[in-house]
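Engineer: Right, I'll just put the structure down here and ask away after.
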Amino acid sequence: GSDFNAAIKVCRETKPDIVIMDVGLQGRDGIEAAGEIGRACPTAILLVTGAEDEETVKRAVRAGVMGYLVKPVGGELRPAMELAISRFMEFNELRKENQDLKNTIESRKLIEKAKGLLMEKENISEAEAFSKIRKISMDNRKTMKEVAEVIIALEAKAG
């Protein structure tokens with residue numbers, strides 16, 4: 001346990017490009033540990049193992065491991081490391097794009113809702129409501145999403 005906690009601490013402090021770990025950890029499951037390290041300190045993880053069975057490989061993939069080497073490890077270590085790092089960077093980029101898309105959709109929904117509230121409350125057109133939100137946003141150096149959230153919150157209070 002203490003070695004594992006120390007590993008996570010070092011990982012958080014040093015932010016390595018890659019973590020290479022053996023599946024056979026003393027007193028705990030190495031694949032589970034790899035998954036926990038990946039969540040606590042997102043980085044490329046390369047697993048080294050003596051086992052080549054399909055179930056171990058499947059579990060490693062589910063845990064988010066980016067590469068897998070069977071002992072004895074020789075000249076394939078460097079290319080495996082490079083591949084794991086590159087896979088992790090790709091994965092991270094996709095995750096970021098996915099999050100950006102979710103945020104954009106969320107923002108649009110809030111802006112639409114706020115626009116609707118303004119149109120109803122002030123008896124104005126959609127274009128006027130949008131312009132109003134945009135102007136408040138620019139005047140106050142806030143995102144349109146933030147302005148929409150305030151309009152929605154104020155409307156909820158006014159009820």
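Simple scheme: letters A, B, ... for chains in structure tokens order, numbers from 1 for residues in each chain, numbers from 1 for ligands in the order shown.
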Contacts of Glu155 (chain A) at 12 Å or less, counting only C-alpha atoms, minus same-chain residues fewer than 5 places along, as a list of chain:residue names?
Structural biologist: A:Lys113, A:Ala114, A:Lys115, A:Gly116, A:Leu117, A:Leu118, A:Glu120, A:Lys121, A:Ala148, A:Glu149, A:Val150
Engineer: Which residues come within 7 Å of region 84-86 of chain A, counting only C-alpha atoms, excluding same-chain residues fewer than 3 positions away, as JSON, numbers by chain?
Structural biologist: {"A": [17, 18, 44, 45, 46, 66, 67, 80, 81, 89, 90]}
Engineer: Give me the residues within 9 Å of Arg134 (chain A) as a PyMOL selection string, counting only C-alpha atoms and dropping any in the same chain fewer than 6 places off.
Structural biologist: chain A and resi 143-144+147
Engineer: If you run DSSP on this backbone, which residues of chain A come out as alpha helix (DSSP H), and could you give them as a PyMOL selection string?
Structural biologist: chain A and resi 2-14+30-40+54-62+77-122+126-139+144-158
Engineer: Can you list, as a PyMOL selection string, every protein, DNA or RNA residue that comes within 9 Å of Ala60 (chain A) when you count only C-alpha atoms, leaving out same-chain residues fewer than 6 positions away?
Structural biologist: chain A and resi 31-32+34-35+47+66-68
Engineer: How about saving the chosen residues, all heavy atoms kept, as a PDB file, in the first residue's frame?
Structural biologist:
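See part30.pdb below for the written result:
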```
ATOM      1  N   ILE A  31      -2.822  -4.429 -12.361  1.00  0.00           N
ATOM      2  CA  ILE A  31      -3.701  -3.811 -13.360  1.00  0.00           C
ATOM      3  C   ILE A  31      -4.653  -2.831 -12.681  1.00  0.00           C
ATOM      4  O   ILE A  31      -4.860  -1.721 -13.158  1.00  0.00           O
ATOM      5  CB  ILE A  31      -4.461  -4.887 -14.174  1.00  0.00           C
ATOM      6  CG1 ILE A  31      -3.441  -5.666 -15.026  1.00  0.00           C
ATOM      7  CG2 ILE A  31      -5.523  -4.238 -15.055  1.00  0.00           C
ATOM      8  CD1 ILE A  31      -4.017  -6.820 -15.800  1.00  0.00           C
ATOM      9  N   GLU A  32      -5.209  -3.245 -11.540  1.00  0.00           N
ATOM     10  CA  GLU A  32      -6.063  -2.342 -10.754  1.00  0.00           C
ATOM     11  C   GLU A  32      -5.269  -1.093 -10.371  1.00  0.00           C
ATOM     12  O   GLU A  32      -5.756   0.027 -10.464  1.00  0.00           O
ATOM     13  CB  GLU A  32      -6.477  -3.057  -9.465  1.00  0.00           C
ATOM     14  CG  GLU A  32      -7.960  -3.243  -9.305  1.00  0.00           C
ATOM     15  CD  GLU A  32      -8.237  -4.114  -8.092  1.00  0.00           C
ATOM     16  OE1 GLU A  32      -7.934  -3.687  -6.957  1.00  0.00           O
ATOM     17  OE2 GLU A  32      -8.746  -5.246  -8.296  1.00  0.00           O
ATOM     18  N   ALA A  34      -2.679   0.163 -11.858  1.00  0.00           N
ATOM     19  CA  ALA A  34      -2.437   0.978 -13.052  1.00  0.00           C
ATOM     20  C   ALA A  34      -3.644   1.866 -13.332  1.00  0.00           C
ATOM     21  O   ALA A  34      -3.503   3.048 -13.656  1.00  0.00           O
ATOM     22  CB  ALA A  34      -2.140   0.085 -14.251  1.00  0.00           C
ATOM     23  N   GLY A  35      -4.844   1.295 -13.195  1.00  0.00           N
ATOM     24  CA  GLY A  35      -6.078   2.056 -13.391  1.00  0.00           C
ATOM     25  C   GLY A  35      -6.181   3.202 -12.409  1.00  0.00           C
ATOM     26  O   GLY A  35      -6.531   4.328 -12.769  1.00  0.00           O
ATOM     27  N   LEU A  47       2.556  -1.367 -19.197  1.00  0.00           N
ATOM     28  CA  LEU A  47       2.540  -2.479 -18.263  1.00  0.00           C
ATOM     29  C   LEU A  47       3.502  -3.564 -18.721  1.00  0.00           C
ATOM     30  O   LEU A  47       3.534  -3.910 -19.901  1.00  0.00           O
ATOM     31  CB  LEU A  47       1.111  -3.039 -18.227  1.00  0.00           C
ATOM     32  CG  LEU A  47       0.539  -3.468 -16.896  1.00  0.00           C
ATOM     33  CD1 LEU A  47       0.748  -2.419 -15.816  1.00  0.00           C
ATOM     34  CD2 LEU A  47      -0.941  -3.760 -17.046  1.00  0.00           C
ATOM     35  N   MET A  66      -1.843   2.028 -21.872  1.00  0.00           N
ATOM     36  CA  MET A  66      -1.577   2.419 -23.260  1.00  0.00           C
ATOM     37  C   MET A  66      -0.606   1.481 -23.978  1.00  0.00           C
ATOM     38  O   MET A  66      -0.401   1.593 -25.169  1.00  0.00           O
ATOM     39  CB  MET A  66      -1.008   3.839 -23.316  1.00  0.00           C
ATOM     40  CG  MET A  66      -1.953   4.905 -22.827  1.00  0.00           C
ATOM     41  SD  MET A  66      -3.264   5.205 -24.011  1.00  0.00           S
ATOM     42  CE  MET A  66      -4.582   5.724 -22.940  1.00  0.00           C
ATOM     43  N   GLY A  67       0.029   0.588 -23.231  1.00  0.00           N
ATOM     44  CA  GLY A  67       0.974  -0.340 -23.842  1.00  0.00           C
ATOM     45  C   GLY A  67       1.201  -1.512 -22.916  1.00  0.00           C
ATOM     46  O   GLY A  67       0.945  -1.439 -21.719  1.00  0.00           O
ATOM     47  N   TYR A  68       1.715  -2.600 -23.505  1.00  0.00           N
ATOM     48  CA  TYR A  68       1.779  -3.859 -22.793  1.00  0.00           C
ATOM     49  C   TYR A  68       2.977  -4.639 -23.306  1.00  0.00           C
ATOM     50  O   TYR A  68       3.064  -4.886 -24.509  1.00  0.00           O
ATOM     51  CB  TYR A  68       0.460  -4.572 -23.118  1.00  0.00           C
ATOM     52  CG  TYR A  68       0.152  -5.798 -22.339  1.00  0.00           C
ATOM     53  CD1 TYR A  68      -0.573  -5.704 -21.162  1.00  0.00           C
ATOM     54  CD2 TYR A  68       0.537  -7.052 -22.794  1.00  0.00           C
ATOM     55  CE1 TYR A  68      -0.912  -6.841 -20.451  1.00  0.00           C
ATOM     56  CE2 TYR A  68       0.210  -8.188 -22.089  1.00  0.00           C
ATOM     57  CZ  TYR A  68      -0.522  -8.079 -20.915  1.00  0.00           C
ATOM     58  OH  TYR A  68      -0.851  -9.194 -20.214  1.00  0.00           O
TER      59      TYR A  68
END
```
Engineer: Counting only C-alpha atoms, figure out which residue out of A:Phe130, A:Gly24, A:Leu77, A:Glu36 gets nearest to Ala51 (chain A).
Structural biologist: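 Ranking A:Phe130, A:Gly24, A:Leu77, A:Glu36 by distance to Ala51 (chain A), first place goes to A:Gly24.
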Engineer: List as JSON, numbers by chain the protein and nucleic acid residues near Lys15 (chain A), meaning an atom at most 12 Å away when only C-alpha atoms are counted, but skip any in the same chain fewer than 4 places from it.
Structural biologist: {"A": [7, 8, 9, 10, 11, 19, 37, 38, 40, 41, 42, 43, 44]}
Engineer: To one decimal place in Å, what is the distance between CA of Ile105 (chain A) and CA of Ala158 (chain A)?
Structural biologist: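 CA of Ile105 (chain A) sits 26.2 Å away from CA of Ala158 (chain A).
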Engineer: Taking the DSSP secondary structure from the backbone, can you list the residues of region 7-90 of chain A that are strand (DSSP E), as a list in words?
Structural biologist: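 Those residues are Ile18, Val19, Ile20, Met21, Asp22, Gly24, Leu25, Arg28, Asp29, Ala44, Ile45, Leu46, Leu47, Val48, Thr49, Gly67, Tyr68, Leu69 and Val70 of chain A.
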Engineer: I'd like the neighbourhood of Val70 (chain A) as a list of chain:residue names, where a residue qualifies if any of its atoms comes within 10 Å (using only C-alpha atoms), though same-chain residues fewer than 2 positions away should be ignored.
Structural biologist: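 Contacts, in chain order: A:Asp22, A:Leu47, A:Val48, A:Thr49, A:Gly50, A:Ala51, A:Glu52, A:Tyr68, A:Pro72, A:Val73, A:Gly74, A:Glu76.
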Engineer: Between A:Ile152, A:Ile136, A:Ile124, A:Leu83, which is the closest to Leu110 (chain A) once you count only C-alpha atoms?
Structural biologist: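 Going through A:Ile152, A:Ile136, A:Ile124, A:Leu83 one by one, the smallest distance to Leu110 (chain A) is for A:Ile152.
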